[in-house]
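**Q** Let me begin by handing over the structure; questions about it come next.
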Amino acid sequence: MSKKLDMEILASLCKRRGFIFQSSELYGGINGFWDYGPLGCELKRNIKDAWWKAMVRTREDVVGLEASIIMHPAIWKASGHADGFADPMVDCKDCRKRFRADQLCEEQGLELIKNGSAFALPAGAVCPACGSKNLTEPRSFNLMFKTYVGPVEDDSNVAWLRPETAQAIFAQFNNVLATARQKVPFGVAQMGKSFRNEINPRNYTFRSREFEQMELEFFIRPDEAVELICGKITTLADNPDLDGEPQESWGWEVWHRYWVHQRLGWYRAIGLPAADLEQYWQTGDELAHYARACVDIEYAFPFGVQELEGIAARSDFDLSQHQKHSGKGMDVFDEALKQAADKLDAAAKEAFVQKVVADWTGRGKAAEDARAFATKLLEGKYVPHVIEPSAGTDRLALALLCNAYEEETLTDDKGKTDVRTVMRFHPAIAPIKLGVFPLVKNKPELYGKAREIFAKLQRRWNCFWDESGAIGRRYRRMDEAGTPWCVTVDFQTLEDGTVTLRDRDSMRQERLTIPALVEKMDAEIG
RNA sequence: GCGAGCGUAGCUCAGUGGUAGAGCGCCACCUUGCCAAGGUGGCUGUCGUGGGUUCAAAUCCCAUCGCUCGCUCCA
């Protein structure tokens with residue numbers, strides 16, 4: 001691939017061929033929003049189909065959900081996303097650091113001035129870092145898009161466009177559990193639009209204000225439950241087989257690693273080279289307080305190595321937060337756990353509780369919380385923990401576009417050189433699978449036969465009919481669209497039913513019957 | 001959000017106060033027996049948008065929107 005691909009060259013091709021347009025271009029555009037054209041929306045659809053197939057359809061332990069974008073505002077209080085709104089921030093114009101206005105004032109023995117919903121700094125407030133008085137007015141820094149439900153705009157009906165799809169999965173956890181006939185460990189997957197009012201959208205579509213996510217929340221037992229059921233916990237030290245069936249004895253760390261492994265495999269399967277994929281393991285300081293581990297899967301974009309997906313082990317934080325805020329229980333009852341606990345005598349149970357308490361207090365948690373958790377476990381109940389692989393669809397589309405782009409210099413028989421622009425998409429995600437052409441269009445019998453073959457192939461795959469211009473030109477047009485194969489119907493087709501199949505990458509041609517072609521397509525597209 | 005640069009046809013760009021252009025692409029017809037062939041004809045723009053200066057503005061001024069780069073931010 002072209003590592004030095006200029007994003008403007010790519011953006012130009014994307015516009016010229018109909019992959020990506022700037023939103024609202026007719027009116028001068030709007031920053032941070034993008035539209036997918038005829039080829040782009042096919043590409044994105046193929047990405048989503050591939051993800052859904054890998055994550056939901058071909059698994060017995062994952063089910064889908066499609067939730068509304070606007071949800072009860074309390075969800076964002078529980079998740080922590082709404083906090084910034086209540087906390088106006090000030091920036092220091094000199095050292096460029098940002099502080100919470102209320103904390104800054106309190107530290108300096110001052111009081112933040114409040115005028116209705118606006119805030120102002122009292123005289124004498126200075127930057128805690130550099131001492132400068134050159135501070136901005138306090139401003140709210142919530143990055144969620146705000147709207148009103150119903151016709152009246154007042155504080156009582158404020159709502160937010162979701163900044164992530166994940167929370168709906170937690171909010172609907174009980175309903176899914178009750179209806180899906182699944183038991184922990186299992187997952188809930190969702191794809192859909194999310195919105196973040198980014199301060200500074202950059203790098204073409206990479207950071208957009210409206211974007212699509214593909215998220216899985218995979219719920220697992222707490223390690224302590226696994227230990228009670230299996231007698232031991234499989235850890236990474238046991239060298240578990242991450243390609244095989246998941247095992248009941250896996251602890252959270254193995255589950256987390258399993259999903260990292262699965263997701264990397266998927267990216268490779270849709271054509272991103274392993275060499276351009278990187279893992280970034282967040283370190284202790286970078287992890288959110290509730291997260292036990294978080295890995296970013298990154299791709300080497302022309303503008304830098306950037307995140308495609310984050311895979312976080314989030315403990316029971318999310319469900320617990322919703323349990324706390326909603327007052328509704330998020331416990332699951334685990335029959336296997338109950339049976340395992342029932343086999344223990346009173347002394348063994350107490351020993352188990354003591355062990356959990358010792359373990360938790362060693363990690364700085366309260367003994368009474370540990371005791372309550374352990375006692376519930378012995379009743380077969382717990383709040384599930386979660387592993388969250390969260391991918392950005394648009395970022396992936398951009399990565400695939402960057403990866404596919406190539407300018408190839410060709411030399412013909414006479415030594416004349418020519419540059420061919422070709423989008424080398426994996427067949428599974430290529431917007432158009434087949435171009436279908438009559439060799440010439442002014443021979444009715446040839447033309448009719450080609451239409452007949454096109455109609456047949458079109459029922460299976462997205463095909464593109466092209467009869468205009470010389471055959472070579474038509475091939476090159478398909479190269480820029482990233483179409484992996486072109487079928488040309490010629491005079492020999494009328495005699496023996498074979499067609500010419502031209503391969504995008506090698507530019508080689510072979511003759512095939514239609515059934516042989518269909519078989520080849522099935523094998524290559526997957 | 002700050003600083004700098006840039007916005008002219010679908011794309012790449014020329015045009016510095018006097019009736020908007022080129023190449024490529026695209027469309028139609030002809031031609032064409034396999035890699036951007038050739039011929040003929042054709043389409044496309046409130047010169048990003050809105051104001052202002054001027055007899056006259058793509059060109060000068062102001063504002064605004066968008067893009068790029070560097071900081072900043074990034075749940």
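Chain identifiers are assigned as A, B, and so on, following the order in which chains appear in the structure tokens; residues are numbered from 1 within each chain, and ligands are numbered from 1 in order of appearance.
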Kindly determine which residues of chain B lie within 8 Å of chain A, considering only C-alpha atoms (C1' of nucleotides), and give the answer as number ranges by chain.
**A** B: 1, 10-11, 32-36, 48-49, 65-66, 72-75
**Q** Selected residues, N, CA and C atoms (P, O5', C5', C4', C3', O3' and C1' of nucleotides), written as a short mmCIF file (atom, residue, chain, number, x, y, z; two decimals), in the first residue's frame, please.
**A**
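Final output, saved to selection_0.cif:
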```cif
data_model
loop_
_atom_site.label_atom_id
_atom_site.label_comp_id
_atom_site.auth_asym_id
_atom_site.auth_seq_id
_atom_site.Cartn_x
_atom_site.Cartn_y
_atom_site.Cartn_z
P G B 1 -14.92 27.76 17.71
"O5'" G B 1 -13.78 27.81 18.81
"C5'" G B 1 -13.89 28.75 19.88
"C4'" G B 1 -12.58 28.84 20.54
"C3'" G B 1 -11.44 29.38 19.69
"O3'" G B 1 -11.45 30.80 19.67
"C1'" G B 1 -10.72 27.43 20.80
P G B 10 -18.92 21.26 -11.11
"O5'" G B 10 -18.23 19.91 -10.63
"C5'" G B 10 -18.85 19.07 -9.66
"C4'" G B 10 -18.14 17.74 -9.66
"C3'" G B 10 -16.62 17.85 -9.53
"O3'" G B 10 -16.23 17.81 -8.18
"C1'" G B 10 -17.17 16.55 -11.43
P C B 11 -15.05 18.78 -7.67
"O5'" C B 11 -13.76 18.03 -8.20
"C5'" C B 11 -13.39 16.76 -7.67
"C4'" C B 11 -12.15 16.26 -8.38
"C3'" C B 11 -11.00 17.27 -8.41
"O3'" C B 11 -10.22 17.19 -7.23
"C1'" C B 11 -11.36 16.45 -10.59
P U B 32 -16.01 -0.48 -36.73
"O5'" U B 32 -15.18 -0.67 -35.39
"C5'" U B 32 -13.76 -0.52 -35.40
"C4'" U B 32 -13.24 -0.62 -34.00
"C3'" U B 32 -13.59 -1.90 -33.26
"O3'" U B 32 -12.79 -2.99 -33.67
"C1'" U B 32 -13.90 -0.06 -31.83
P G B 33 -13.50 -4.37 -33.82
"O5'" G B 33 -12.73 -5.26 -32.76
"C5'" G B 33 -12.73 -4.93 -31.39
"C4'" G B 33 -12.30 -6.15 -30.63
"C3'" G B 33 -11.00 -6.75 -31.15
"O3'" G B 33 -10.32 -7.39 -30.07
"C1'" G B 33 -12.75 -8.28 -31.50
P C B 34 -9.04 -6.85 -29.42
"O5'" C B 34 -9.51 -6.63 -27.92
"C5'" C B 34 -9.62 -5.32 -27.36
"C4'" C B 34 -9.21 -5.41 -25.91
"C3'" C B 34 -7.95 -6.26 -25.70
"O3'" C B 34 -7.22 -5.72 -24.61
"C1'" C B 34 -9.77 -7.21 -24.53
P C B 35 -5.82 -5.02 -24.92
"O5'" C B 35 -5.88 -3.80 -23.92
"C5'" C B 35 -6.77 -2.71 -24.16
"C4'" C B 35 -6.78 -1.84 -22.94
"C3'" C B 35 -5.38 -1.43 -22.45
"O3'" C B 35 -5.47 -0.15 -21.86
"C1'" C B 35 -6.50 -2.61 -20.77
P A B 36 -5.36 1.15 -22.88
"O5'" A B 36 -6.81 1.72 -22.68
"C5'" A B 36 -7.30 2.04 -21.39
"C4'" A B 36 -8.09 3.32 -21.47
"C3'" A B 36 -7.39 4.47 -22.23
"O3'" A B 36 -8.39 5.29 -22.81
"C1'" A B 36 -7.76 5.11 -20.03
P G B 48 -15.01 31.51 -5.10
"O5'" G B 48 -16.05 30.74 -4.18
"C5'" G B 48 -16.70 29.56 -4.65
"C4'" G B 48 -17.66 29.09 -3.60
"C3'" G B 48 -18.66 30.14 -3.14
"O3'" G B 48 -19.78 30.22 -4.00
"C1'" G B 48 -17.67 29.11 -1.27
P U B 49 -20.50 31.63 -4.27
"O5'" U B 49 -21.20 31.96 -2.88
"C5'" U B 49 -22.23 31.13 -2.38
"C4'" U B 49 -22.68 31.65 -1.03
"C3'" U B 49 -22.98 33.14 -0.98
"O3'" U B 49 -24.28 33.44 -1.46
"C1'" U B 49 -21.61 32.59 0.84
P C B 65 -18.84 31.16 11.01
"O5'" C B 65 -18.98 30.15 9.78
"C5'" C B 65 -20.24 29.60 9.43
"C4'" C B 65 -20.13 28.86 8.12
"C3'" C B 65 -19.02 27.81 8.06
"O3'" C B 65 -19.41 26.59 8.65
"C1'" C B 65 -18.93 29.14 6.12
P G B 66 -18.29 25.63 9.27
"O5'" G B 66 -17.50 25.11 8.00
"C5'" G B 66 -18.11 24.23 7.09
"C4'" G B 66 -17.23 24.03 5.89
"C3'" G B 66 -15.84 23.50 6.17
"O3'" G B 66 -15.84 22.11 6.38
"C1'" G B 66 -15.70 25.29 4.63
P U B 72 -0.21 20.81 22.22
"O5'" U B 72 -1.69 21.21 22.61
"C5'" U B 72 -1.92 22.39 23.39
"C4'" U B 72 -3.39 22.70 23.38
"C3'" U B 72 -4.31 21.54 23.72
"O3'" U B 72 -4.41 21.33 25.12
"C1'" U B 72 -5.14 22.67 21.82
P C B 73 -4.60 19.87 25.66
"O5'" C B 73 -6.04 19.48 25.13
"C5'" C B 73 -7.19 20.15 25.65
"C4'" C B 73 -8.42 19.71 24.89
"C3'" C B 73 -8.70 18.21 24.90
"O3'" C B 73 -9.33 17.80 26.10
"C1'" C B 73 -8.94 19.04 22.71
P C B 74 -8.98 16.37 26.70
"O5'" C B 74 -9.67 15.38 25.68
"C5'" C B 74 -11.08 15.42 25.47
"C4'" C B 74 -11.45 14.54 24.30
"C3'" C B 74 -10.95 13.11 24.39
"O3'" C B 74 -11.82 12.30 25.18
"C1'" C B 74 -10.48 13.99 22.25
P A B 75 -11.18 11.36 26.32
"O5'" A B 75 -12.01 10.04 26.08
"C5'" A B 75 -12.44 9.23 27.14
"C4'" A B 75 -13.85 8.76 26.80
"C3'" A B 75 -14.18 8.95 25.35
"O3'" A B 75 -13.81 7.79 24.61
"C1'" A B 75 -15.90 9.84 26.69
#
```
**Q** Can you list, as number ranges by chain, every protein, DNA or RNA residue that comes within 12 Å of G18 in chain B when you count only C-alpha atoms (C1' of nucleotides), leaving out same-chain residues fewer than 3 positions away?
**A** B: 55-57, 59
**Q** If you keep N, CA and C atoms (P, O5', C5', C4', C3', O3' and C1' of nucleotides), can you produce a file of those selected residues as an mmCIF file, in the first residue's frame?
**A**
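Writing done, so here's again.cif:
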```
data_model
loop_
_atom_site.group_PDB
_atom_site.id
_atom_site.type_symbol
_atom_site.label_atom_id
_atom_site.label_comp_id
_atom_site.auth_asym_id
_atom_site.auth_seq_id
_atom_site.Cartn_x
_atom_site.Cartn_y
_atom_site.Cartn_z
ATOM 1 P P C B 55 -17.937 55.362 -9.218
ATOM 2 O "O5'" C B 55 -18.511 54.508 -10.436
ATOM 3 C "C5'" C B 55 -19.835 54.747 -10.901
ATOM 4 C "C4'" C B 55 -20.090 53.898 -12.124
ATOM 5 C "C3'" C B 55 -19.725 52.433 -11.982
ATOM 6 O "O3'" C B 55 -20.759 51.693 -11.362
ATOM 7 C "C1'" C B 55 -18.801 53.249 -13.984
ATOM 8 P P A B 56 -20.420 50.599 -10.287
ATOM 9 O "O5'" A B 56 -19.603 49.525 -11.145
ATOM 10 C "C5'" A B 56 -20.296 48.750 -12.121
ATOM 11 C "C4'" A B 56 -19.314 47.899 -12.888
ATOM 12 C "C3'" A B 56 -18.462 46.958 -12.037
ATOM 13 O "O3'" A B 56 -19.159 45.777 -11.724
ATOM 14 C "C1'" A B 56 -17.095 48.080 -13.607
ATOM 15 P P A B 57 -18.912 45.071 -10.328
ATOM 16 O "O5'" A B 57 -17.391 44.588 -10.419
ATOM 17 C "C5'" A B 57 -16.965 43.666 -11.404
ATOM 18 C "C4'" A B 57 -16.129 42.579 -10.768
ATOM 19 C "C3'" A B 57 -16.886 41.771 -9.710
ATOM 20 O "O3'" A B 57 -16.331 40.457 -9.663
ATOM 21 C "C1'" A B 57 -15.114 42.898 -8.677
ATOM 22 P P U B 59 -13.657 39.368 -6.106
ATOM 23 O "O5'" U B 59 -12.128 39.554 -6.491
ATOM 24 C "C5'" U B 59 -11.108 38.702 -5.948
ATOM 25 C "C4'" U B 59 -9.797 39.040 -6.609
ATOM 26 C "C3'" U B 59 -9.334 40.465 -6.350
ATOM 27 O "O3'" U B 59 -7.943 40.512 -6.105
ATOM 28 C "C1'" U B 59 -9.548 40.075 -8.692
#
```
**Q** Would you return as an NGL selection string the members of range 181-304 of chain A that DSSP assigns to strand (DSSP E or B) on this structure's backbone?
**A** :A and (186-195 or 210-220 or 234 or 250 or 277-281 or 293-301 or 304)
**Q** When DSSP is applied to the backbone of this structure, which of range 121-362 of chain A are assigned helix (DSSP H, G or I)? Write them out as a VMD selection string.
**A** chain A and resid 155 to 157 166 to 171 173 to 179 223 to 230 236 to 238 252 to 269 274 to 276 317 to 326 335 to 342 346 to 362
**Q** Can you pull out every residue within 9 Å of Ala50 in chain A, counting only C-alpha atoms (C1' of nucleotides), but drop anything in the same chain fewer than 6 positions away, and send it as a VMD selection string?
**A** chain A and resid 266 270 428 to 429
**Q** Could you state the separation of CA of Val184 in chain A and CA of Asp61 in chain A in Å, given to one decimal place?
**A**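 Result for CA of Val184 in chain A versus CA of Asp61 in chain A: 8.8 Å, one decimal.
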